[in-house]
Amino acid sequence: MAEVSKVSDYLAAAKSFEKKWSDKWAKENPFKTLGPKDKDFDSTKPKKVILDFFPYPSGAGLHIGHPLGYTATDIISRAYRMQGYNVLHSMGFDSFGLPAEQYAIQTGRQPAETTDENIKVFTRQLRALGYDHDETARFESSKPDYYRWTQWLFLKFFNSYYNRFEVWQDKLGSEVIGRAKPIEDLREKLQSGKWKKDQFGEVGPAGNRYHIDVKKSEIEDLVDAARLAVIKNVDVNWCPMLGTVLANEEVTPEGKSERGDYPVYKKPLKQWVLKITAYADRLYDDLKLLDWPKGVMEMQKEWIGPSEGALVSFKTADGAKLNVYTTRPDTLPGVTFVAVAPEHPLAVKYAGEAVKKMVSLARNHAYEDKTTHQGIFTGQYVTHPLTGKKIPVWVGDYVLSGYGEGAVMGVPSHDTRDFDFAKKYDIPIIPVLMPSDEWLDANAPKGKEYASGKDLRALYIKDCAKFGTAFTDDGIMLEGLEGAEDLGGLDNRTAIRKICEKLEALGAGAAKKTYRIRDWLFSRQRYWGEPFPIVYDDSGKAYPVSEADLPITLPEVTDFKPVTSDDKDADPVTPLGRVTDWLKVKGTILPDGSVKLGEGKDAKTFSRDTNTMPNWAGSCWYYMRYISPNYAGGFVDEAAEKYWSGERFGAKGSVDLYVGGTEHAVLHLLYARFWHKVFYDLGLVSTPEPFYKLFNQGMITADAYSDSRGFYVEVDKVEEREEGGVRTAYNKETGEKLTINPGKMGKRYKNGVCPEDVCNRHSVDAFRCHMMFLGPLEATSPWRETTIVGQERFIASVWALAHRKDLDTSDAPANKDIERLVHSTIKEVTEDIKNIRLNTGISALMVLTNALAAEAKPKKEHVEILLRLMQPYTPFMVEEIYSEGKNFKLPAGVKSAAFLAWPQYDEEKLQADEVTLVVQINGKKRAELIVPATATDKEIEAAAMDNETVKRHLEGKEIRRILHIPNKTCKVLGIVVG
RNA sequence: GCGGAUAUGGUGGAACUGGUAGACACAACAGACUUAAAAUCUGUUGGGAGUAAUCCCGUGUCGGUUCGAUUCCGACUAUCCGCACCA
């Protein structure tokens, strides 16, 4: 054997050429994304936009989860490029936000400084892994060149409102109800009287419901309130330990901050809010346009949480209205109390002190036991809209203030919570619906009276409380219900409709759709974020800064720390509020209502907004910036956006493939969809959705090792051995036997894996293949470095194969079996790229490699096909082989192996002369023989019947049926006997 | 409680629309080369019976549909993830 060790030869070579190529690629940027304005751009080619989640550059550098997804997208984009697509695959950095700021605080340095440093490390690591990113698109969301456009886009929200009455045709030809429009459009509608108010103060097209004239003096207030970005007094999630408020999405179910796990308190504050609720229906419905994992779709649907129901008004003693929201208006005749949330004005007014403790409990998510409800009677009564009866008003801690109207109608007979509450406080229980017989049987109390054969229905009507719980399913309306005498015998779904009609006629309610999603709290009291492009005059009125003044740069300060405390009653203080020389600014109001900053003859003094935007802001539109990363004329170059969004193909989403973990299922993915839809409505982007296909990569788990005291031991201090077939771990230093704990990777488990180190030990190409070979990309797979030797051997075999001096370059016809394998491999690898099954793609390449290596004289053209198929997986090795110019050379005009043409397979060559025939008798495989591929059904049957084993199994049996079963790889004959 | 996902050899995993279960790889074992080891190459490797041909069992559990089920249906178990008083 000429080579002493294929693997060590290859590794020695890889060490130098991998560095050489990554340096060269970084310098020459061969993967620059071009657009319609560039002269070398071929806009007739189809496009693929492949996107990775926007990484936050942490101080720890890349962790193992990053290269899992990034390598997959890199392989896919390299393959599509070879297949003749224009490919956009870039990576910038999400560098603003809480984590970056926390890191700076912990290291006692400036966030701008630490962020720069971290990005240098990330960039180095990304380059080392050979990714085909555009070097000019490594923008950072914390740089003014970028956030200038984040601020510009924010102003679009500020200068728009949602016209929920507009019906329009979108680019897909679908009818859409509701659209964001310039705020000027609303002002005009109100000034001209085309829009009026309704009794609730809501505005809409003049007609029956909207008939109240809008006074001139009201117009500006209505306009301001209608903006998609608005300053509102809202109940916020205040986290004093972080010194900031948080979005609902950033608070865990336990009432802690997602980041840091600090307590979060409810507090009313004036804050920026983006009206995501206006888009609730479209965000929900348009999920059906997308190719997303089912789980993420379900999570978004649950988060949006639409529910169909009705608003019902009860009259209070002083003639005011107490509104409740219900999904079951059919049960209205069974209302025996009304419960309001502890924060409800009525509760505060009539239950005073007693309610305070309850309020603080409710606000702070501090229920110990969710099953025992506390209630306080307010002493007040309201009038039932159907029966006119007096209904007591209670304060109930189980009523949520933020949902619906913060008040519910109590129907103990048909709601379990109301039932428990009524039992506890001795409130009457009136049945409305007749349950099914099964339910009655199952829930009937024990005792003679309720024995089988008794009339349970009559007993239920007599005293439904005896049945121990509420009947919450659909049922039939009882006869003779007070206020609903005409509905007896109807199914309750019909009754819902009739009752809604009745309520509307009485002016005591109407059908209404409610959502669980709340408006998006958009300000943070932190330093490291985008400043708002907003200034205030002396009266506190907000003005947008003129576009020419953007960006509003974040002032450089020495003391950027938030004011944190463990006092939940502390008020938020913004770090920017301390920057006294920045706070006040001169400016002039322009005709369009914006403020041009700077001295001038009519200049007045304004004060700046001292909040910053949340870290989600930058990631809401970064995928657009990749299209034209350095474009100064707008957030995206319009012509380039049209091409890359796939508008001409009727694309539903701009990004063709988006790969990342599930951690952003509702946060980023919902926010970005919302922004995109607003921009779509305003004509700024060409597709209704940002991300057409979403793919969730799995998690990589790892074993952690703990000693007898329960302390974790660093992985590199551990040695694993095989003892009697059992994996056993020892501490290399002390020799102590350790416990193996499978689970998540993390600092605290001391089992993190640094991708860079693995690459240094095994080569980047082997690391890339190893990541992909762990299992299907979507699955959770355990990390094990030892098995990477399989990839090293595989790549080294290809390397050796490509360097053989005896490759067959003649025109002699190839061995048919090898030729067939070559073509089936092309097919398999191509399909695996399309279906994101990169693990089986590697298997196929291994099979071909093994077969070629076993040939006495492999054909050069076959090795070349193998190399081209491997380029996406092992770009370094393939680039090196082609650049050596020995066996393989790049064609003229092709600068890199990444731009070689993808091999095509020939359907004819996939056919074999002889195929396996599998004979099944009653579905069981009984024989396997070889028959000519051209054999007719008759010949196949004859061959099968001639087989000894088959004969034996058929002996004395009657053949009932013969089946020729289609199969891709062999022929299957099914014989059914009786 | 509700929703989603997963379950296949010693291990990671293949098997596309119901048709050869275990591709590919790791580990293990045996052999070749070597003074020896490593590396490399060759072979074996789901369990069981049999000299063999061959046969039986086998894809979390129980049942169903079918000539035939890892795949479809029903019930259940375990694990992971998300949501959880939303009226």
# chains A, B, ... in the order shown; residues from 1 in each chain; ligands from 1
>>> interface_residues(of="chain A", to="chain B", cutoff="7 Å", atoms="only C-alpha atoms (C1' of nucleotides)", output="mmCIF file with N, CA and C atoms, in the first residue's frame")
data_model
loop_
_atom_site.group_PDB
_atom_site.id
_atom_site.type_symbol
_atom_site.label_atom_id
_atom_site.label_comp_id
_atom_site.auth_asym_id
_atom_site.auth_seq_id
_atom_site.Cartn_x
_atom_site.Cartn_y
_atom_site.Cartn_z
ATOM 1 N N SER A 5 -1.228 6.073 5.879
ATOM 2 C CA SER A 5 -2.487 6.404 6.523
ATOM 3 C C SER A 5 -3.210 7.452 5.707
ATOM 4 N N GLY A 295 -46.082 22.400 14.787
ATOM 5 C CA GLY A 295 -45.989 22.857 16.172
ATOM 6 C C GLY A 295 -45.894 24.366 16.278
ATOM 7 N N MET A 299 -48.515 26.997 17.963
ATOM 8 C CA MET A 299 -48.121 27.926 19.020
ATOM 9 C C MET A 299 -48.526 29.353 18.672
ATOM 10 N N THR A 326 -68.343 37.040 26.686
ATOM 11 C CA THR A 326 -68.615 35.611 26.862
ATOM 12 C C THR A 326 -68.566 34.892 25.518
ATOM 13 N N THR A 327 -68.142 33.639 25.545
ATOM 14 C CA THR A 327 -68.216 32.841 24.321
ATOM 15 C C THR A 327 -69.507 32.033 24.310
ATOM 16 N N TYR A 398 -60.308 35.201 40.047
ATOM 17 C CA TYR A 398 -60.067 34.353 38.884
ATOM 18 C C TYR A 398 -60.367 35.072 37.572
ATOM 19 N N TYR A 403 -58.108 40.643 29.780
ATOM 20 C CA TYR A 403 -58.781 39.941 28.701
ATOM 21 C C TYR A 403 -60.228 40.362 28.604
ATOM 22 N N VAL A 408 -66.782 39.013 33.886
ATOM 23 C CA VAL A 408 -67.461 37.875 33.281
ATOM 24 C C VAL A 408 -68.857 37.717 33.871
ATOM 25 N N ARG A 516 -56.543 36.685 22.362
ATOM 26 C CA ARG A 516 -55.693 36.578 23.530
ATOM 27 C C ARG A 516 -54.479 37.504 23.406
ATOM 28 N N GLY A 725 -19.552 -3.986 27.708
ATOM 29 C CA GLY A 725 -20.610 -3.474 26.849
ATOM 30 C C GLY A 725 -21.294 -2.243 27.411
ATOM 31 N N LEU A 774 -25.214 13.449 12.123
ATOM 32 C CA LEU A 774 -25.712 13.106 13.465
ATOM 33 C C LEU A 774 -27.118 12.522 13.396
ATOM 34 N N GLY A 775 -27.872 12.953 12.408
ATOM 35 C CA GLY A 775 -29.255 12.485 12.289
ATOM 36 C C GLY A 775 -30.027 13.482 11.462
ATOM 37 N N THR A 787 -17.356 9.531 17.044
ATOM 38 C CA THR A 787 -17.816 8.956 15.785
ATOM 39 C C THR A 787 -17.424 9.792 14.576
ATOM 40 N N GLY A 790 -15.512 8.405 11.376
ATOM 41 C CA GLY A 790 -16.182 7.870 10.196
ATOM 42 C C GLY A 790 -16.141 8.878 9.056
ATOM 43 N N SER A 843 -24.818 9.487 3.321
ATOM 44 C CA SER A 843 -24.804 8.021 3.154
ATOM 45 C C SER A 843 -24.638 7.650 1.696
ATOM 46 N N VAL A 918 -38.784 -10.457 -5.549
ATOM 47 C CA VAL A 918 -39.143 -10.916 -4.212
ATOM 48 C C VAL A 918 -40.508 -11.584 -4.312
ATOM 49 N N ASN A 922 -48.833 -14.753 0.961
ATOM 50 C CA ASN A 922 -49.633 -14.170 2.035
ATOM 51 C C ASN A 922 -48.869 -13.056 2.764
ATOM 52 N N GLY A 923 -48.183 -12.238 1.952
ATOM 53 C CA GLY A 923 -47.504 -11.089 2.511
ATOM 54 C C GLY A 923 -46.166 -11.382 3.145
ATOM 55 N N ILE A 965 -46.672 -6.226 -7.668
ATOM 56 C CA ILE A 965 -46.650 -4.996 -6.871
ATOM 57 C C ILE A 965 -45.546 -4.065 -7.371
ATOM 58 N N VAL A 976 -51.486 -14.864 -3.050
ATOM 59 C CA VAL A 976 -52.410 -15.036 -1.934
ATOM 60 C C VAL A 976 -52.989 -16.449 -2.021
#
>>> select_by_dssp(residues="range 72-212 of chain A", states="strand (DSSP E)", output="PyMOL selection string")
chain A and resi 86-88+160-169+175-182+195-197+203-205
>>> write_last_selection(atoms="C-alpha atoms", output="CSV table (one decimal), in the first residue's frame")
chain,number,residue,atom,x,y,z
A,86,ASN,CA,-29.1,33.0,-7.9
A,87,VAL,CA,-28.7,32.4,-4.2
A,88,LEU,CA,-28.8,34.9,-1.3
A,160,SER,CA,-49.9,54.9,9.7
A,161,TYR,CA,-53.2,53.6,11.0
A,162,TYR,CA,-55.2,50.4,10.3
A,163,ASN,CA,-58.3,50.9,8.2
A,164,ARG,CA,-60.1,47.8,9.2
A,165,PHE,CA,-63.0,48.6,6.7
A,166,GLU,CA,-60.9,48.6,3.6
A,167,VAL,CA,-61.4,45.7,1.3
A,168,TRP,CA,-58.7,45.2,-1.3
A,169,GLN,CA,-57.1,42.7,-3.7
A,175,GLU,CA,-59.4,39.6,-1.1
A,176,VAL,CA,-58.1,41.1,2.1
A,177,ILE,CA,-60.1,43.0,4.7
A,178,GLY,CA,-58.2,45.8,6.5
A,179,ARG,CA,-55.1,47.6,5.5
A,180,ALA,CA,-52.5,49.9,7.0
A,181,LYS,CA,-52.8,53.3,5.4
A,182,PRO,CA,-51.0,56.6,5.8
A,195,TRP,CA,-66.0,58.9,8.9
A,196,LYS,CA,-68.0,59.4,12.1
A,197,LYS,CA,-68.0,58.0,15.6
A,203,VAL,CA,-64.5,55.7,14.3
A,204,GLY,CA,-65.7,54.3,11.0
A,205,PRO,CA,-67.5,55.0,7.7
>>> closest_residue(among="B:A37, B:C73, B:A21, B:A78", to="G60 in chain B", atoms="only C-alpha atoms (C1' of nucleotides)")
B:A78
>>> atom_distance(atom1="CA of Trp520 in chain A", atom2="CA of Leu274 in chain A")
5.0 Å
